[in-house]
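Source file: entry.cif; contents: mmCIF, C-alpha atoms.
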```
data_my_file
loop_
_atom_site.group_PDB
_atom_site.id
_atom_site.type_symbol
_atom_site.label_atom_id
_atom_site.label_comp_id
_atom_site.auth_asym_id
_atom_site.auth_seq_id
_atom_site.Cartn_x
_atom_site.Cartn_y
_atom_site.Cartn_z
ATOM 1 C CA MET A 33 -23.841 -14.109 52.226
ATOM 2 C CA ILE A 34 -24.370 -12.352 48.870
ATOM 3 C CA ILE A 35 -22.280 -13.838 46.058
ATOM 4 C CA PHE A 36 -21.867 -11.679 42.964
ATOM 5 C CA GLY A 37 -19.517 -11.436 39.997
ATOM 6 C CA TRP A 38 -19.261 -11.213 36.215
ATOM 7 C CA ARG A 39 -19.808 -13.790 33.490
ATOM 8 C CA VAL A 40 -19.849 -13.907 29.684
ATOM 9 C CA VAL A 41 -23.082 -15.213 28.165
ATOM 10 C CA PHE A 42 -23.223 -16.109 24.456
ATOM 11 C CA PHE A 43 -26.331 -15.381 22.396
ATOM 12 C CA THR A 44 -27.274 -16.819 18.988
ATOM 13 C CA LEU A 45 -27.960 -13.991 16.543
ATOM 14 C CA THR A 46 -28.767 -16.019 13.416
ATOM 15 C CA ARG A 47 -28.641 -19.584 12.163
ATOM 16 C CA GLY A 48 -28.060 -21.040 8.712
ATOM 17 C CA THR A 49 -25.937 -23.279 6.521
ATOM 18 C CA PHE A 50 -22.315 -22.599 5.608
ATOM 19 C CA HIS A 51 -19.271 -24.381 4.213
ATOM 20 C CA CYS A 52 -17.311 -25.462 7.295
ATOM 21 C CA PRO A 53 -13.518 -25.265 6.694
ATOM 22 C CA ASP A 54 -12.819 -28.059 9.201
ATOM 23 C CA CYS A 55 -15.635 -30.428 8.215
ATOM 24 C CA GLY A 56 -15.014 -29.766 4.524
ATOM 25 C CA GLY A 57 -18.716 -29.629 3.651
ATOM 26 C CA ASP A 58 -22.013 -27.838 4.236
ATOM 27 C CA ARG A 59 -22.981 -27.673 7.904
ATOM 28 C CA GLU A 60 -25.447 -25.833 10.134
ATOM 29 C CA TYR A 61 -24.002 -22.829 11.970
ATOM 30 C CA ARG A 62 -24.855 -20.313 14.659
ATOM 31 C CA ARG A 63 -23.695 -16.707 14.430
ATOM 32 C CA ARG A 64 -23.003 -15.722 18.040
ATOM 33 C CA GLN A 65 -22.057 -12.752 20.177
ATOM 34 C CA GLY A 66 -20.833 -12.689 23.788
ATOM 35 C CA ARG A 67 -22.003 -10.212 26.420
ATOM 36 C CA ASN A 68 -20.744 -9.546 29.926
ATOM 37 C CA PHE A 69 -23.348 -9.983 32.659
ATOM 38 C CA PHE A 70 -23.387 -9.026 36.288
ATOM 39 C CA THR A 71 -24.263 -12.202 38.202
ATOM 40 C CA LEU A 72 -25.978 -12.674 41.525
ATOM 41 C CA PHE A 73 -25.666 -16.102 43.091
ATOM 42 C CA PHE A 74 -24.078 -17.176 39.769
ATOM 43 C CA ILE A 75 -27.204 -16.160 37.838
ATOM 44 C CA PRO A 76 -26.772 -13.533 35.054
ATOM 45 C CA VAL A 77 -29.060 -10.642 35.957
ATOM 46 C CA ILE A 78 -27.743 -7.391 34.437
ATOM 47 C CA PRO A 79 -26.374 -7.175 30.866
ATOM 48 C CA LEU A 80 -23.236 -5.063 30.554
ATOM 49 C CA THR A 81 -20.828 -4.547 27.626
ATOM 50 C CA LYS A 82 -20.314 -6.812 24.629
ATOM 51 C CA ALA A 83 -17.516 -9.349 25.007
ATOM 52 C CA GLY A 84 -15.506 -9.585 21.804
ATOM 53 C CA GLY A 85 -16.787 -9.587 18.258
ATOM 54 C CA GLU A 86 -19.309 -11.809 16.508
ATOM 55 C CA PHE A 87 -18.223 -15.266 15.401
ATOM 56 C CA VAL A 88 -19.596 -18.241 13.484
ATOM 57 C CA GLU A 89 -19.747 -21.607 15.241
ATOM 58 C CA CYS A 90 -20.231 -24.926 13.440
ATOM 59 C CA ASP A 91 -22.962 -27.090 14.999
ATOM 60 C CA THR A 92 -21.029 -30.248 14.087
ATOM 61 C CA CYS A 93 -17.358 -29.689 14.985
ATOM 62 C CA HIS A 94 -17.942 -26.557 17.128
ATOM 63 C CA GLY A 95 -15.119 -24.737 15.369
ATOM 64 C CA ARG A 96 -15.289 -20.949 15.467
ATOM 65 C CA TRP A 97 -14.529 -18.496 12.648
ATOM 66 C CA ASN A 98 -14.747 -14.872 11.685
ATOM 67 C CA PRO A 99 -18.145 -14.020 10.052
ATOM 68 C CA GLY A 100 -16.288 -13.580 6.749
ATOM 69 C CA VAL A 101 -16.416 -17.372 6.393
ATOM 70 C CA LEU A 102 -20.099 -16.999 5.423
ATOM 71 C CA GLU A 103 -19.045 -15.384 2.150
ATOM 72 C CA VAL A 104 -17.721 -18.730 0.900
ATOM 73 C CA PRO A 105 -20.479 -20.368 -1.209
ATOM 74 C CA THR A 106 -21.995 -23.601 0.040
ATOM 75 C CA THR A 107 -22.114 -26.666 -2.193
ATOM 76 C CA ALA A 108 -25.807 -26.053 -2.824
ATOM 77 C CA GLN A 109 -25.168 -22.417 -3.766
ATOM 78 C CA LEU A 110 -22.367 -23.428 -6.130
ATOM 79 C CA ALA A 111 -24.721 -25.824 -7.901
ATOM 80 C CA LEU A 112 -27.234 -23.016 -8.501
ATOM 81 C CA MET A 113 -24.705 -20.305 -9.323
ATOM 82 C CA PRO A 114 -24.223 -20.944 -13.068
ATOM 83 C CA ALA A 115 -27.947 -20.705 -13.737
ATOM 84 C CA MET A 116 -28.270 -17.645 -11.496
ATOM 85 C CA LEU A 117 -25.426 -15.814 -13.266
ATOM 86 C CA LEU A 118 -26.810 -16.865 -16.628
ATOM 87 C CA ARG A 119 -30.187 -15.332 -15.758
ATOM 88 C CA MET A 120 -28.608 -12.038 -14.787
ATOM 89 C CA ALA A 121 -26.292 -11.881 -17.804
ATOM 90 C CA ILE A 122 -29.101 -12.635 -20.257
ATOM 91 C CA ALA A 123 -31.447 -10.082 -18.697
ATOM 92 C CA GLN A 124 -28.766 -7.379 -18.745
ATOM 93 C CA VAL A 125 -28.014 -7.897 -22.423
ATOM 94 C CA LEU A 126 -31.608 -8.506 -23.512
ATOM 95 C CA ARG A 127 -32.918 -5.246 -22.101
ATOM 96 C CA SER A 128 -30.134 -3.269 -23.782
ATOM 97 C CA GLY A 129 -31.692 -4.280 -27.124
ATOM 98 C CA ASP A 130 -35.201 -5.249 -28.173
ATOM 99 C CA TYR A 131 -36.405 -7.072 -25.055
ATOM 100 C CA THR A 132 -39.837 -7.581 -26.660
ATOM 101 C CA HIS A 133 -38.419 -9.708 -29.492
ATOM 102 C CA ALA A 134 -40.346 -12.988 -29.239
ATOM 103 C CA ALA A 135 -37.605 -15.288 -30.546
ATOM 104 C CA ALA A 136 -34.950 -13.745 -28.282
ATOM 105 C CA ARG A 137 -37.207 -14.051 -25.229
ATOM 106 C CA ALA A 138 -38.124 -17.653 -26.049
ATOM 107 C CA ARG A 139 -34.481 -18.575 -26.471
ATOM 108 C CA ALA A 140 -33.580 -16.860 -23.190
ATOM 109 C CA VAL A 141 -36.170 -18.903 -21.295
ATOM 110 C CA THR A 142 -35.017 -22.131 -22.948
ATOM 111 C CA VAL A 143 -31.331 -21.513 -22.179
ATOM 112 C CA VAL A 144 -32.020 -20.830 -18.489
ATOM 113 C CA ARG A 145 -34.203 -23.932 -18.222
ATOM 114 C CA GLU A 146 -31.476 -26.052 -19.790
ATOM 115 C CA ALA A 147 -29.049 -24.653 -17.204
ATOM 116 C CA GLY A 148 -31.123 -26.195 -14.416
ATOM 117 C CA GLU A 149 -33.943 -23.780 -13.567
ATOM 118 C CA THR A 150 -36.772 -25.858 -14.979
ATOM 119 C CA GLY A 151 -39.447 -23.517 -13.585
ATOM 120 C CA TYR A 152 -38.106 -20.455 -15.385
ATOM 121 C CA ASP A 153 -40.724 -18.822 -17.598
ATOM 122 C CA ASP A 154 -41.678 -15.560 -19.281
ATOM 123 C CA ALA A 155 -42.833 -14.060 -16.000
ATOM 124 C CA SER A 156 -39.481 -14.896 -14.415
ATOM 125 C CA LEU A 157 -37.720 -13.212 -17.316
ATOM 126 C CA ASN A 158 -39.829 -10.075 -16.838
ATOM 127 C CA ALA A 159 -38.876 -10.041 -13.149
ATOM 128 C CA ASP A 160 -35.185 -10.297 -14.067
ATOM 129 C CA LEU A 161 -35.555 -7.504 -16.622
ATOM 130 C CA GLY A 162 -37.038 -5.268 -13.928
ATOM 131 C CA ARG A 163 -34.118 -5.536 -11.509
ATOM 132 C CA PRO A 164 -31.930 -2.406 -11.064
ATOM 133 C CA PHE A 165 -28.874 -2.514 -13.334
ATOM 134 C CA ASP A 166 -26.368 -1.524 -10.611
ATOM 135 C CA GLU A 167 -27.770 -4.058 -8.147
ATOM 136 C CA VAL A 168 -27.325 -6.893 -10.639
ATOM 137 C CA ARG A 169 -23.773 -5.817 -11.488
ATOM 138 C CA VAL A 170 -22.728 -5.929 -7.834
ATOM 139 C CA GLU A 171 -24.289 -9.367 -7.359
ATOM 140 C CA MET A 172 -22.633 -10.752 -10.483
ATOM 141 C CA GLY A 173 -19.232 -9.423 -9.475
ATOM 142 C CA ARG A 174 -19.520 -10.992 -6.029
ATOM 143 C CA ALA A 175 -20.675 -14.419 -7.240
ATOM 144 C CA SER A 176 -18.660 -14.933 -10.433
ATOM 145 C CA SER A 177 -15.296 -15.558 -8.745
ATOM 146 C CA ALA A 178 -16.581 -18.945 -7.568
ATOM 147 C CA LEU A 179 -16.788 -20.232 -11.164
ATOM 148 C CA ALA A 180 -13.987 -21.341 -13.482
ATOM 149 C CA PRO A 181 -13.086 -18.972 -16.358
ATOM 150 C CA GLU A 182 -14.511 -21.451 -18.889
ATOM 151 C CA ALA A 183 -17.893 -21.386 -17.137
ATOM 152 C CA ARG A 184 -17.925 -17.582 -17.096
ATOM 153 C CA GLU A 185 -17.035 -17.440 -20.799
ATOM 154 C CA SER A 186 -19.864 -19.869 -21.530
ATOM 155 C CA ILE A 187 -22.325 -17.595 -19.711
ATOM 156 C CA LEU A 188 -21.193 -14.544 -21.671
ATOM 157 C CA ARG A 189 -21.394 -16.413 -24.967
ATOM 158 C CA ALA A 190 -24.956 -17.563 -24.240
ATOM 159 C CA ALA A 191 -25.951 -13.967 -23.500
ATOM 160 C CA ALA A 192 -24.270 -12.736 -26.694
ATOM 161 C CA GLU A 193 -25.990 -15.362 -28.836
ATOM 162 C CA ILE A 194 -29.369 -14.355 -27.432
ATOM 163 C CA ALA A 195 -28.607 -10.693 -28.145
ATOM 164 C CA LEU A 196 -27.780 -11.683 -31.732
ATOM 165 C CA THR A 197 -31.122 -13.450 -32.219
ATOM 166 C CA ASP A 198 -32.761 -10.282 -33.542
ATOM 167 C CA GLY A 199 -29.803 -9.266 -35.748
ATOM 168 C CA ALA A 200 -26.398 -7.618 -35.476
ATOM 169 C CA LEU A 201 -25.373 -6.219 -32.098
ATOM 170 C CA SER A 202 -26.220 -2.599 -31.436
ATOM 171 C CA VAL A 203 -23.773 -0.244 -29.756
ATOM 172 C CA SER A 204 -25.786 -0.529 -26.549
ATOM 173 C CA GLU A 205 -25.673 -4.335 -26.659
ATOM 174 C CA GLU A 206 -21.914 -4.339 -27.260
ATOM 175 C CA GLU A 207 -21.366 -2.000 -24.315
ATOM 176 C CA THR A 208 -23.554 -4.172 -22.087
ATOM 177 C CA LEU A 209 -21.708 -7.334 -23.124
ATOM 178 C CA SER A 210 -18.431 -5.633 -22.207
ATOM 179 C CA ALA A 211 -19.860 -4.645 -18.809
ATOM 180 C CA VAL A 212 -21.226 -8.149 -18.189
ATOM 181 C CA GLY A 213 -17.866 -9.649 -19.160
ATOM 182 C CA ALA A 214 -16.104 -7.353 -16.700
ATOM 183 C CA ASP A 215 -18.575 -8.260 -13.951
ATOM 184 C CA LEU A 216 -17.865 -11.931 -14.683
ATOM 185 C CA GLY A 217 -14.174 -11.273 -14.134
ATOM 186 C CA LEU A 218 -13.166 -11.681 -17.785
ATOM 187 C CA THR A 219 -10.481 -9.631 -19.509
ATOM 188 C CA ARG A 220 -11.165 -7.476 -22.575
ATOM 189 C CA VAL A 221 -9.358 -10.027 -24.720
ATOM 190 C CA GLN A 222 -11.574 -12.813 -23.395
ATOM 191 C CA VAL A 223 -14.732 -10.748 -23.925
ATOM 192 C CA THR A 224 -13.726 -9.881 -27.498
ATOM 193 C CA GLY A 225 -12.981 -13.527 -28.275
ATOM 194 C CA VAL A 226 -16.240 -14.803 -26.805
ATOM 195 C CA VAL A 227 -18.354 -12.210 -28.630
ATOM 196 C CA SER A 228 -16.532 -12.974 -31.905
ATOM 197 C CA LEU A 229 -17.339 -16.687 -31.539
ATOM 198 C CA ALA A 230 -20.993 -15.816 -30.880
ATOM 199 C CA ARG A 231 -21.063 -13.643 -34.003
ATOM 200 C CA GLN A 232 -19.582 -16.411 -36.120
ATOM 201 C CA ALA A 233 -22.093 -18.929 -34.813
ATOM 202 C CA SER A 234 -25.020 -16.591 -35.562
ATOM 203 C CA GLY A 235 -23.792 -15.456 -38.975
ATOM 204 C CA HIS A 236 -23.486 -11.819 -37.896
#
```

Could I get this structure in the form of structure tokens?
Amino acid sequence: MIIFGWRVVFFTLTRGTFHCPDCGGDREYRRRQGRNFFTLFFIPVIPLTKAGGEFVECDTCHGRWNPGVLEVPTTAQLALMPAMLLRMAIAQVLRSGDYTHAAARARAVTVVREAGETGYDDASLNADLGRPFDEVRVEMGRASSALAPEARESILRAAAEIALTDGALSVSEEETLSAVGADLGLTRVQVTGVVSLARQASGH
């Protein structure tokens, strides 16, 4: 007797770490996809159509979620985010002015190191300065919502103070600070206030 039928087989597409809504912390996950198989003697032999959409499964609680859950930052990512955003903001503003100014560059490296990236150096700064402007703006806009407004204002102020190291802000630097503030999710009023405080602190 020949026994045949159909069965759904799940495949793991990728693995990684995510913030599990049920566990309430960082957990390992598998991103999976089901596929219908023709079976012979209960053994899958011929792949057919996909069965449903992709989903994320927690390795600990085995809960399943839409892949959109991966957009929520993990605890580890949140810890690194302020320094990452600070790097991008500083590089954006620095290259809109005199990015060769020694004092401004030295201060930029020091500020990023103090934020937690102890290995940051002049070469790292050059790499940040070389990143495409539009690419950085998209990344900043996506990541900034995870931080409190006070943290975002602090990042913008640090960037403004570095831009002021070589003197009064140029038109280009002011425009870049406005763009960075917008990417950080700050209002025009907030941006104006933060830049004014930076000017007062620098004497410009």

Can you list what the PyMOL selection byres ((chain A and resi 188) around 8) grabs from this structure, as a PyMOL selection string?
chain A and resi 118+121+184-187+189-192+209+212-213+223+226-227

Top pick for closest residue to Ala233 of chain A, considering A:Met116, A:Val104, A:Leu196, A:Ala180 and counting only C-alpha atoms
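Of A:Met116, A:Val104, A:Leu196, A:Ala180, the one nearest Ala233 of chain A is A:Leu196, counting only C-alpha atoms.
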
So, counting only C-alpha atoms, which residue among A:Pro164, A:Gly95, A:Gly129, A:Gly217 is closest to Glu182 of chain A?
A:Gly217

Of the candidates A:Leu126, A:Ile78, A:Leu102, A:Ala178, which one gets nearest to Glu206 of chain A if we count all atoms listed in the file?
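Checking each of A:Leu126, A:Ile78, A:Leu102, A:Ala178 against Glu206 of chain A, counting all atoms listed in the file, the winner is A:Leu126.
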
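Take atom CA of Ala175 of chain A and atom CA of Leu117 of chain A: the distance between them is 7.8 Å.
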
Care to translate the PyMOL selection byres ((chain A and resi 123) around 9) into actual residues of this file, as JSON, numbers by chain?
{"A": [118, 119, 120, 121, 122, 124, 125, 126, 127, 128, 131, 140, 157, 158, 160, 161, 162, 163, 191]}
